[in-house]
Structure formats: C-alpha cells, structure tokens
file entry-v5.tsv (TSV, C-alpha atoms)
chain	number	residue	atom	x	y	z
M	1	MET	CA	83.82	80.47	73.59
M	2	SER	CA	85.38	77.27	74.94
M	3	ALA	CA	84.95	76.27	78.57
M	4	ALA	CA	88.68	76.76	79.14
M	5	ARG	CA	88.49	80.35	77.95
M	6	GLU	CA	85.29	81.00	79.88
M	7	ASN	CA	87.08	79.95	83.07
M	8	LEU	CA	89.72	82.65	82.53
M	9	LYS	CA	87.17	85.29	83.51
M	10	ASN	CA	87.23	84.06	87.10
M	11	ALA	CA	90.99	83.73	87.46
M	12	LYS	CA	92.33	85.48	90.54
M	13	ARG	CA	96.09	84.78	90.60
M	14	ILE	CA	97.80	85.29	87.25
M	15	VAL	CA	101.41	84.93	86.16
M	16	VAL	CA	102.39	87.08	83.18
M	17	LYS	CA	105.72	86.39	81.46
M	18	VAL	CA	107.13	88.80	78.89
M	19	GLY	CA	110.02	87.98	76.59
M	20	THR	CA	112.92	90.12	75.45
M	21	SER	CA	111.55	90.27	71.92
M	22	THR	CA	108.47	92.04	73.28
M	23	LEU	CA	110.41	94.45	75.49
M	24	ALA	CA	113.00	95.56	72.91
M	25	HIS	CA	112.68	97.18	69.51
M	26	SER	CA	113.05	94.80	66.59
M	27	GLY	CA	116.57	94.75	65.22
M	28	SER	CA	118.13	96.57	68.16
M	29	TYR	CA	118.88	96.25	71.85
M	30	LYS	CA	117.02	99.42	72.82
M	31	LEU	CA	114.06	98.98	75.16
M	32	ASN	CA	110.65	99.76	73.70
M	33	LEU	CA	109.41	102.22	76.32
M	34	TYR	CA	106.06	102.72	74.60
M	35	ARG	CA	105.27	99.01	74.74
M	36	ILE	CA	106.62	98.64	78.29
M	37	GLU	CA	104.51	101.52	79.58
M	38	HIS	CA	101.34	100.09	78.04
M	39	LEU	CA	102.09	96.68	79.51
M	40	ILE	CA	102.73	98.06	83.00
M	41	ARG	CA	99.58	100.16	82.81
M	42	GLU	CA	97.57	97.07	81.91
M	43	LEU	CA	99.11	95.04	84.74
M	44	ALA	CA	98.37	97.88	87.17
M	45	ASP	CA	94.76	98.10	86.02
M	46	LEU	CA	94.27	94.34	86.41
M	47	HIS	CA	95.68	94.67	89.92
M	48	ASN	CA	93.20	97.47	90.61
M	49	ALA	CA	90.44	95.15	89.40
M	50	GLY	CA	91.31	92.69	92.17
M	51	LYS	CA	93.67	90.35	90.32
M	52	GLU	CA	96.86	89.09	91.93
M	53	ILE	CA	99.59	89.69	89.38
M	54	ILE	CA	103.00	88.01	89.26
M	55	PHE	CA	105.25	89.46	86.56
M	56	VAL	CA	108.11	87.38	85.12
M	57	SER	CA	110.34	89.55	82.96
M	58	SER	CA	113.20	88.88	80.61
M	59	GLY	CA	115.24	91.72	79.15
M	60	ALA	CA	118.09	92.34	81.62
M	61	ILE	CA	120.85	91.28	79.23
M	62	ALA	CA	119.30	93.25	76.35
M	63	ALA	CA	119.06	96.34	78.57
M	64	GLY	CA	122.73	95.90	79.48
M	65	ILE	CA	123.73	95.53	75.83
M	66	GLY	CA	121.86	98.70	74.98
M	67	ARG	CA	123.42	100.68	77.83
M	68	MET	CA	126.94	99.54	76.92
M	69	ARG	CA	126.28	100.28	73.23
M	70	LEU	CA	127.35	96.85	72.05
M	71	ASN	CA	126.51	95.58	68.58
M	72	GLY	CA	125.45	92.11	69.63
M	73	LYS	CA	125.06	89.56	72.39
M	74	PRO	CA	128.40	88.20	73.69
M	75	GLU	CA	129.12	84.48	73.51
M	76	THR	CA	130.70	83.95	76.94
M	77	ILE	CA	128.80	83.35	80.17
M	78	PRO	CA	130.77	85.92	82.23
M	79	GLU	CA	130.09	88.68	79.69
M	80	ASN	CA	126.37	87.92	79.65
M	81	GLN	CA	126.32	87.77	83.44
M	82	ALA	CA	127.99	91.17	83.63
M	83	LEU	CA	125.48	92.63	81.17
M	84	ALA	CA	122.61	91.12	83.18
M	85	ALA	CA	123.94	92.82	86.30
M	86	ILE	CA	124.07	96.15	84.45
M	87	GLY	CA	120.71	95.74	82.76
M	88	GLN	CA	118.69	94.44	85.71
M	89	GLY	CA	118.95	97.75	87.54
M	90	ILE	CA	118.01	99.67	84.40
M	91	LEU	CA	114.98	97.46	83.82
M	92	MET	CA	113.77	97.68	87.42
M	93	HIS	CA	114.19	101.46	87.42
M	94	ILE	CA	111.89	101.65	84.41
M	95	TYR	CA	109.36	99.28	85.97
M	96	GLU	CA	109.46	101.15	89.28
M	97	LYS	CA	108.82	104.45	87.50
M	98	PHE	CA	105.86	103.19	85.46
M	99	PHE	CA	104.30	101.16	88.28
M	100	ALA	CA	104.57	104.19	90.60
M	101	GLU	CA	102.79	106.36	88.05
M	102	TYR	CA	99.83	103.99	88.28
M	103	GLY	CA	99.90	103.65	92.06
M	104	GLN	CA	101.46	100.18	92.28
M	105	ILE	CA	104.44	98.81	94.22
M	106	PRO	CA	106.76	96.33	92.45
M	107	ALA	CA	108.94	93.89	94.40
M	108	GLN	CA	112.05	92.57	92.67
M	109	VAL	CA	112.71	88.84	93.08
M	110	LEU	CA	115.75	87.14	91.52
M	111	LEU	CA	115.59	83.33	91.49
M	112	THR	CA	118.18	80.67	90.76
M	113	GLY	CA	117.82	77.07	89.68
M	114	ASP	CA	117.85	75.59	93.17
M	115	ILE	CA	114.08	76.17	93.35
M	116	ALA	CA	113.69	73.66	90.53
M	117	ASN	CA	115.58	70.93	92.35
M	118	ASP	CA	115.27	71.66	96.06
M	119	GLU	CA	111.94	71.26	97.83
M	120	HIS	CA	112.94	73.52	100.72
M	121	ALA	CA	114.02	76.28	98.33
M	122	ARG	CA	110.75	75.97	96.40
M	123	GLU	CA	108.75	76.24	99.59
M	124	ASN	CA	110.67	79.32	100.72
M	125	ALA	CA	110.29	80.98	97.31
M	126	GLY	CA	106.56	80.22	97.25
M	127	ASN	CA	106.08	81.63	100.76
M	128	SER	CA	107.99	84.80	99.87
M	129	LEU	CA	105.98	85.40	96.69
M	130	THR	CA	102.60	84.78	98.31
M	131	THR	CA	103.53	87.13	101.16
M	132	ILE	CA	104.41	89.85	98.64
M	133	LEU	CA	100.99	89.34	97.06
M	134	LYS	CA	99.25	89.54	100.44
M	135	MET	CA	100.99	92.87	101.05
M	136	GLY	CA	99.43	94.19	97.85
M	137	ALA	CA	102.66	94.46	95.87
M	138	ILE	CA	103.47	92.99	92.46
M	139	PRO	CA	106.42	90.54	92.31
M	140	VAL	CA	108.72	91.23	89.36
M	141	ILE	CA	110.76	88.07	88.78
M	142	ASN	CA	113.78	87.17	86.72
M	143	GLU	CA	116.35	84.44	86.87
M	144	ASN	CA	119.47	85.63	88.67
M	145	ASP	CA	121.58	85.63	85.49
M	146	ALA	CA	124.40	87.61	87.11
M	147	VAL	CA	125.42	84.64	89.27
M	148	ALA	CA	123.73	81.60	87.71
M	149	VAL	CA	125.86	79.12	85.77
M	150	ASP	CA	124.83	76.34	83.41
M	151	GLU	CA	124.64	73.77	86.21
M	152	ILE	CA	122.08	75.74	88.21
M	153	LYS	CA	120.28	77.82	85.57
M	154	ILE	CA	116.58	77.15	85.22
M	155	GLY	CA	117.19	77.51	81.50
M	156	ASP	CA	114.94	80.32	80.36
M	157	ASN	CA	112.13	82.48	81.63
M	158	ASP	CA	109.41	80.39	79.96
M	159	ASN	CA	110.21	77.46	82.22
M	160	LEU	CA	110.82	79.82	85.14
M	161	SER	CA	107.35	81.31	84.72
M	162	ALA	CA	105.74	77.85	84.75
M	163	LEU	CA	107.65	76.95	87.90
M	164	VAL	CA	106.61	80.22	89.54
M	165	ALA	CA	102.98	79.59	88.60
M	166	LYS	CA	103.21	76.14	90.13
M	167	ILE	CA	104.78	77.14	93.47
M	168	THR	CA	102.34	80.05	93.92
M	169	ASN	CA	99.23	78.03	93.00
M	170	ALA	CA	98.37	80.43	90.20
M	171	GLU	CA	95.35	79.72	88.02
M	172	VAL	CA	96.63	81.10	84.73
M	173	LEU	CA	100.01	81.61	83.05
M	174	ILE	CA	100.10	84.04	80.14
M	175	ILE	CA	103.26	84.13	78.02
M	176	LEU	CA	103.56	87.30	75.94
M	177	THR	CA	105.73	86.87	72.87
M	178	ASP	CA	106.38	88.33	69.40
M	179	ILE	CA	103.88	86.12	67.54
M	180	ASP	CA	100.14	85.58	67.95
M	181	GLY	CA	100.38	82.06	69.38
M	182	LEU	CA	101.29	78.53	68.33
M	183	TYR	CA	101.00	77.89	64.59
M	184	ASN	CA	100.94	74.58	62.75
M	185	LYS	CA	103.93	75.84	60.75
M	186	ASN	CA	106.47	78.63	61.12
M	187	PRO	CA	104.47	81.79	60.25
M	188	LYS	CA	107.68	83.73	59.60
M	189	SER	CA	108.61	81.48	56.68
M	190	ASP	CA	105.32	79.93	55.55
M	191	ASP	CA	102.31	82.06	54.60
M	192	SER	CA	100.01	79.04	54.83
M	193	ALA	CA	100.62	78.68	58.57
M	194	LYS	CA	97.47	78.64	60.69
M	195	LEU	CA	97.07	79.61	64.32
M	196	ILE	CA	96.13	76.79	66.68
M	197	ASP	CA	93.38	78.11	68.95
M	198	GLU	CA	93.49	75.40	71.61
M	199	VAL	CA	95.81	72.51	72.46
M	200	PRO	CA	93.88	70.05	74.63
M	201	GLU	CA	96.85	67.67	74.82
M	202	ILE	CA	100.57	68.11	74.15
M	203	ASP	CA	101.45	65.13	71.98
M	204	SER	CA	104.34	64.34	69.63
M	205	THR	CA	102.72	66.35	66.83
M	206	ILE	CA	102.66	69.50	68.95
M	207	GLU	CA	106.25	68.91	70.07
M	208	LYS	CA	107.43	68.59	66.47
M	209	ILE	CA	105.87	71.94	65.62
M	210	ALA	CA	108.04	73.71	68.21
M	211	GLY	CA	111.33	75.11	66.93
M	212	GLY	CA	114.40	76.83	68.40
M	213	ALA	CA	114.97	80.38	69.62
M	214	GLY	CA	112.87	82.80	67.63
M	215	THR	CA	115.00	85.96	67.61
M	216	LYS	CA	118.58	87.08	68.13
M	217	LEU	CA	117.53	88.70	71.42
M	218	GLY	CA	115.60	85.86	72.97
M	219	THR	CA	116.68	82.45	74.26
M	220	GLY	CA	113.35	80.67	74.40
M	221	GLY	CA	111.46	80.07	71.19
M	222	MET	CA	108.39	77.88	70.93
M	223	PHE	CA	110.07	74.72	72.22
M	224	THR	CA	110.54	76.11	75.73
M	225	LYS	CA	106.98	77.41	75.71
M	226	ILE	CA	105.72	73.90	75.06
M	227	GLN	CA	107.92	72.69	77.93
M	228	ALA	CA	106.37	75.37	80.15
M	229	ALA	CA	102.88	74.35	79.05
M	230	LYS	CA	103.58	70.75	80.13
M	231	VAL	CA	104.58	71.89	83.61
M	232	ALA	CA	101.72	74.35	83.98
M	233	THR	CA	98.88	72.17	82.70
M	234	ALA	CA	100.04	69.17	84.74
M	235	ALA	CA	99.82	71.40	87.82
M	236	GLY	CA	96.23	72.39	87.00
M	237	ILE	CA	97.15	75.76	85.48
M	238	SER	CA	95.91	76.94	82.10
M	239	MET	CA	98.61	78.52	79.93
M	240	LEU	CA	98.29	80.86	76.98
M	241	ILE	CA	100.70	82.09	74.32
M	242	VAL	CA	99.64	85.56	73.20
M	243	SER	CA	101.16	88.43	71.24
M	244	GLY	CA	102.72	91.02	73.54
M	245	ARG	CA	102.87	93.62	70.80
M	246	GLU	CA	99.19	94.54	70.90
M	247	PRO	CA	98.11	96.76	73.83
M	248	GLY	CA	95.09	95.37	75.64
M	249	ASN	CA	95.70	91.69	74.87
M	250	LEU	CA	95.94	90.72	78.54
M	251	ARG	CA	92.51	92.11	79.32
M	252	ARG	CA	91.09	90.57	76.16
M	253	VAL	CA	92.44	87.14	77.13
M	254	LEU	CA	91.09	87.38	80.67
M	255	ASN	CA	87.71	88.41	79.27
M	256	GLY	CA	87.62	85.10	77.40
M	257	GLU	CA	88.25	86.49	73.91
M	258	ASN	CA	89.52	84.03	71.35
M	259	ILE	CA	93.07	85.26	70.83
M	260	GLY	CA	96.36	83.40	71.10
M	261	THR	CA	96.69	79.71	71.91
M	262	ILE	CA	95.37	78.18	75.11
M	263	PHE	CA	96.64	75.02	76.77
M	264	PRO	CA	93.82	74.10	79.20
M	265	ALA	CA	94.69	72.86	82.67
M	266	ALA	CA	94.66	69.09	83.05
M	267	LEU	CA	91.61	67.84	84.91

call {"tool": "encode", "arguments": {"input": "entry-v5.tsv", "output": "structure tokens"}}
result
Amino acid sequence: MSAARENLKNAKRIVVKVGTSTLAHSGSYKLNLYRIEHLIRELADLHNAGKEIIFVSSGAIAAGIGRMRLNGKPETIPENQALAAIGQGILMHIYEKFFAEYGQIPAQVLLTGDIANDEHARENAGNSLTTILKMGAIPVINENDAVAVDEIKIGDNDNLSALVAKITNAEVLIILTDIDGLYNKNPKSDDSAKLIDEVPEIDSTIEKIAGGAGTKLGTGGMFTKIQAAKVATAAGISMLIVSGREPGNLRRVLNGENIGTIFPAAL
C-alpha cells in the first residue's frame, strides 16, 4: 500500500462526486435506483462512522429527460436548462427519501460559476457548506444548470467538485465514474489498456491520455477529471477516480485498498 493510499484511512472531510453515467441505466435516461440506494447507504454509513461527507451530484438533466420521456438530450441551452429544473426536484426527492431511510439529512446547494471567479462568492459558499457540515447534515451540490449560461458555467461537475473540495478544505476528492480509473489507453476500444494505479505528477503524457466525453449522458470524460485533479492536488487534496458501479468501493478506497487511480496531494 502506497503512503498516499495509507493516508486515506485518516481522512475526515471527503468530497464524493458522482456522474450521470453512474446514476442512470446504460442506454437510457432512467435513473438506476438500485445503484443510487446503495450509494446513499454507503455515504450515510461513512457519515455515521464520523466522516464529513460532501456529495456533488450530476444527473438533473438526465432525470428531466426521463420524466419527459424524451429520446435524447436536446441541443439548445434553454431546453437543457428547463430539463435541469424538472429533473433537479426529482433527483433531490429520491436523495431525500434514501437519506431519510438511513437517518441522514441532506441539504441541497446549487452553485453557479461566480464562485470560480469571485473571491467573496467563494468565501460565502465555503462558509455555508462548512456550516451545513457542522450542523450534521450532508450537502448535496450541483451546478445551477437551470439559470447558468456559458459565460458563468463552471463547465462540468468534475471541476465543480474540485472547487468545492478546495473551498471547504477537504482532504480527499473521490470521483465515481463508469470505468475503473485512468487507463493508459481507452479501455472501451483497446483490450490491451492497463489501469494506472497512481499518478504522482500530471504531465503532458497524462494529459494526452485524457479524451472527450465518455457517454451520451455525461459531459465530462477523462479530460475534465484530469483538470479537476490539477486543481485538487495543487490545493493539497488527494483525488481518486473510481468505478461507481460497484457497491462498497467508497469504503474500500477509504480503507486504503488498491482500486481506481489516485492522484496524491502535492506536498
């Protein structure tokens, strides 16, 4: 076990980001309630174990698409904003239900891009989130897609999660996605691809490995995860990319098990 993974055992404040591809069934826009329930149960149990959990969730637009019975994701910003407004309530209702079953209180927080560019806004957001944690609740964060436009959007929830980890002085950022971690090649098209266990430094080679958006549902892909890792590690936060499709992976990671890809915090 590497020193970076050993240190995860003592992490107190943890940001967990989950992507749309993990929340929704493959090939559809229907939410995967089985996977969501297992994830919420794991977050609740970590909270019971004394961890401070901050949950950054995608999925609002997908939930809206599913509710409106559309066949695909619209191309225009207003349509996607409308679907986000519809889907955000659906998603929070599901989270509220599952968190309540396990004795936890979620607190919805919608952020816009001004926290990336405005020091006062960042400070206010950080104070709000840390106060929620002190109250014993679990912040559930998404970008405010219903009103954000290209000029103020943070860009995606990978970068949002890194920014949230930074302003809350978190120790670990865990990004749950639909693959096992960062590979040296695209594992979906090349059987010889090998998982990279640890990335001590993000250099040009690592950046070249990163591609575009991975699925028709998501907007991130590996490129934005590498961007997030740069922000997190520079702020002294270790980041991991881990499969969100296997129940129990969060606990395994925080126990120091060698799964996923870790980007150790810069010293």

call {"tool": "closest_residue", "arguments": {"input": "entry-v5.tsv", "among": "M:Ile167, M:Ala116, M:Ile61, M:Val231", "to": "Ala265 of chain M", "atoms": "only C-alpha atoms"}}
result
M:Val231

call {"tool": "atom_distance", "arguments": {"input": "entry-v5.tsv", "atom1": "atom CA of Asp114 of chain M", "atom2": "atom CA of Thr130 of chain M"}}
result
18.5 Å

call {"tool": "atom_distance", "arguments": {"input": "entry-v5.tsv", "atom1": "atom CA of Asn159 of chain M", "atom2": "atom CA of Ala228 of chain M"}}
result
4.8 Å

call {"tool": "residues_around", "arguments": {"input": "entry-v5.tsv", "residues": "Leu110 of chain M", "least_positions_apart": "3", "cutoff": "6 Å", "atoms": "only C-alpha atoms", "output": "PyMOL selection string"}}
result
chain M and resi 141-144

call {"tool": "closest_residue", "arguments": {"input": "entry-v5.tsv", "among": "M:Val18, M:Leu8, M:Val164, M:Ile226", "to": "Arg245 of chain M", "atoms": "only C-alpha atoms"}}
result
M:Val18

call {"tool": "residues_around", "arguments": {"input": "entry-v5.tsv", "residues": "Thr168 of chain M", "least_positions_apart": "4", "cutoff": "9 Å", "atoms": "only C-alpha atoms", "output": "PyMOL selection string"}}
result
chain M and resi 13+125-127+129-130+163-164

call {"tool": "residues_near_point", "arguments": {"input": "entry-v5.tsv", "point": "(115.3, 97.6, 92.5)", "cutoff": "8 Å", "atoms": "only C-alpha atoms", "output": "ChimeraX atom specification"}}
result
/M:89,92-93,96,107-108

call {"tool": "residues_near_point", "arguments": {"input": "entry-v5.tsv", "point": "(95.2, 86.3, 69.6)", "cutoff": "9 Å", "atoms": "all atoms listed in the file", "output": "PyMOL selection string"}}
result
chain M and resi 179-181+195+197+241-243+249+252-253+257-261

call {"tool": "atom_distance", "arguments": {"input": "entry-v5.tsv", "atom1": "atom CA of Ile77 of chain M", "atom2": "atom CA of Val109 of chain M"}}
result
21.3 Å

call {"tool": "closest_atom_pairs", "arguments": {"input": "entry-v5.tsv", "of": "segment 51-157 of chain M", "to": "segment 27-43 of chain M", "cutoff": "7 Å", "atoms": "all atoms listed in the file", "output": "JSON lines"}}
result
{"residue": "M:Ala62", "atom": "CA", "partner": "M:Tyr29", "partner_atom": "CA", "distance": 5.4}
{"residue": "M:Ala63", "atom": "CA", "partner": "M:Leu31", "partner_atom": "CA", "distance": 6.6}
{"residue": "M:Ile65", "atom": "CA", "partner": "M:Tyr29", "partner_atom": "CA", "distance": 6.3}
{"residue": "M:Gly66", "atom": "CA", "partner": "M:Tyr29", "partner_atom": "CA", "distance": 5.0}
{"residue": "M:Phe98", "atom": "CA", "partner": "M:Glu37", "partner_atom": "CA", "distance": 6.3}
{"residue": "M:Phe99", "atom": "CA", "partner": "M:Ile40", "partner_atom": "CA", "distance": 6.3}
{"residue": "M:Tyr102", "atom": "CA", "partner": "M:Arg41", "partner_atom": "CA", "distance": 6.7}

call {"tool": "closest_residue", "arguments": {"input": "entry-v5.tsv", "among": "M:Leu267, M:Leu160, M:Thr177, M:Lys17", "to": "Thr112 of chain M", "atoms": "all atoms listed in the file"}}
result
M:Leu160

call {"tool": "closest_residue", "arguments": {"input": "entry-v5.tsv", "among": "M:Pro106, M:Gly72, M:Gly87, M:Gly19", "to": "Ser57 of chain M", "atoms": "all atoms listed in the file"}}
result
M:Gly19

call {"tool": "closest_residue", "arguments": {"input": "entry-v5.tsv", "among": "M:Leu250, M:Thr131, M:Arg5, M:Asp156", "to": "Ala44 of chain M", "atoms": "all atoms listed in the file"}}
result
M:Leu250

call {"tool": "closest_residue", "arguments": {"input": "entry-v5.tsv", "among": "M:Ala100, M:Lys134, M:Arg67, M:Asn184", "to": "Ile86 of chain M", "atoms": "only C-alpha atoms"}}
result
M:Arg67
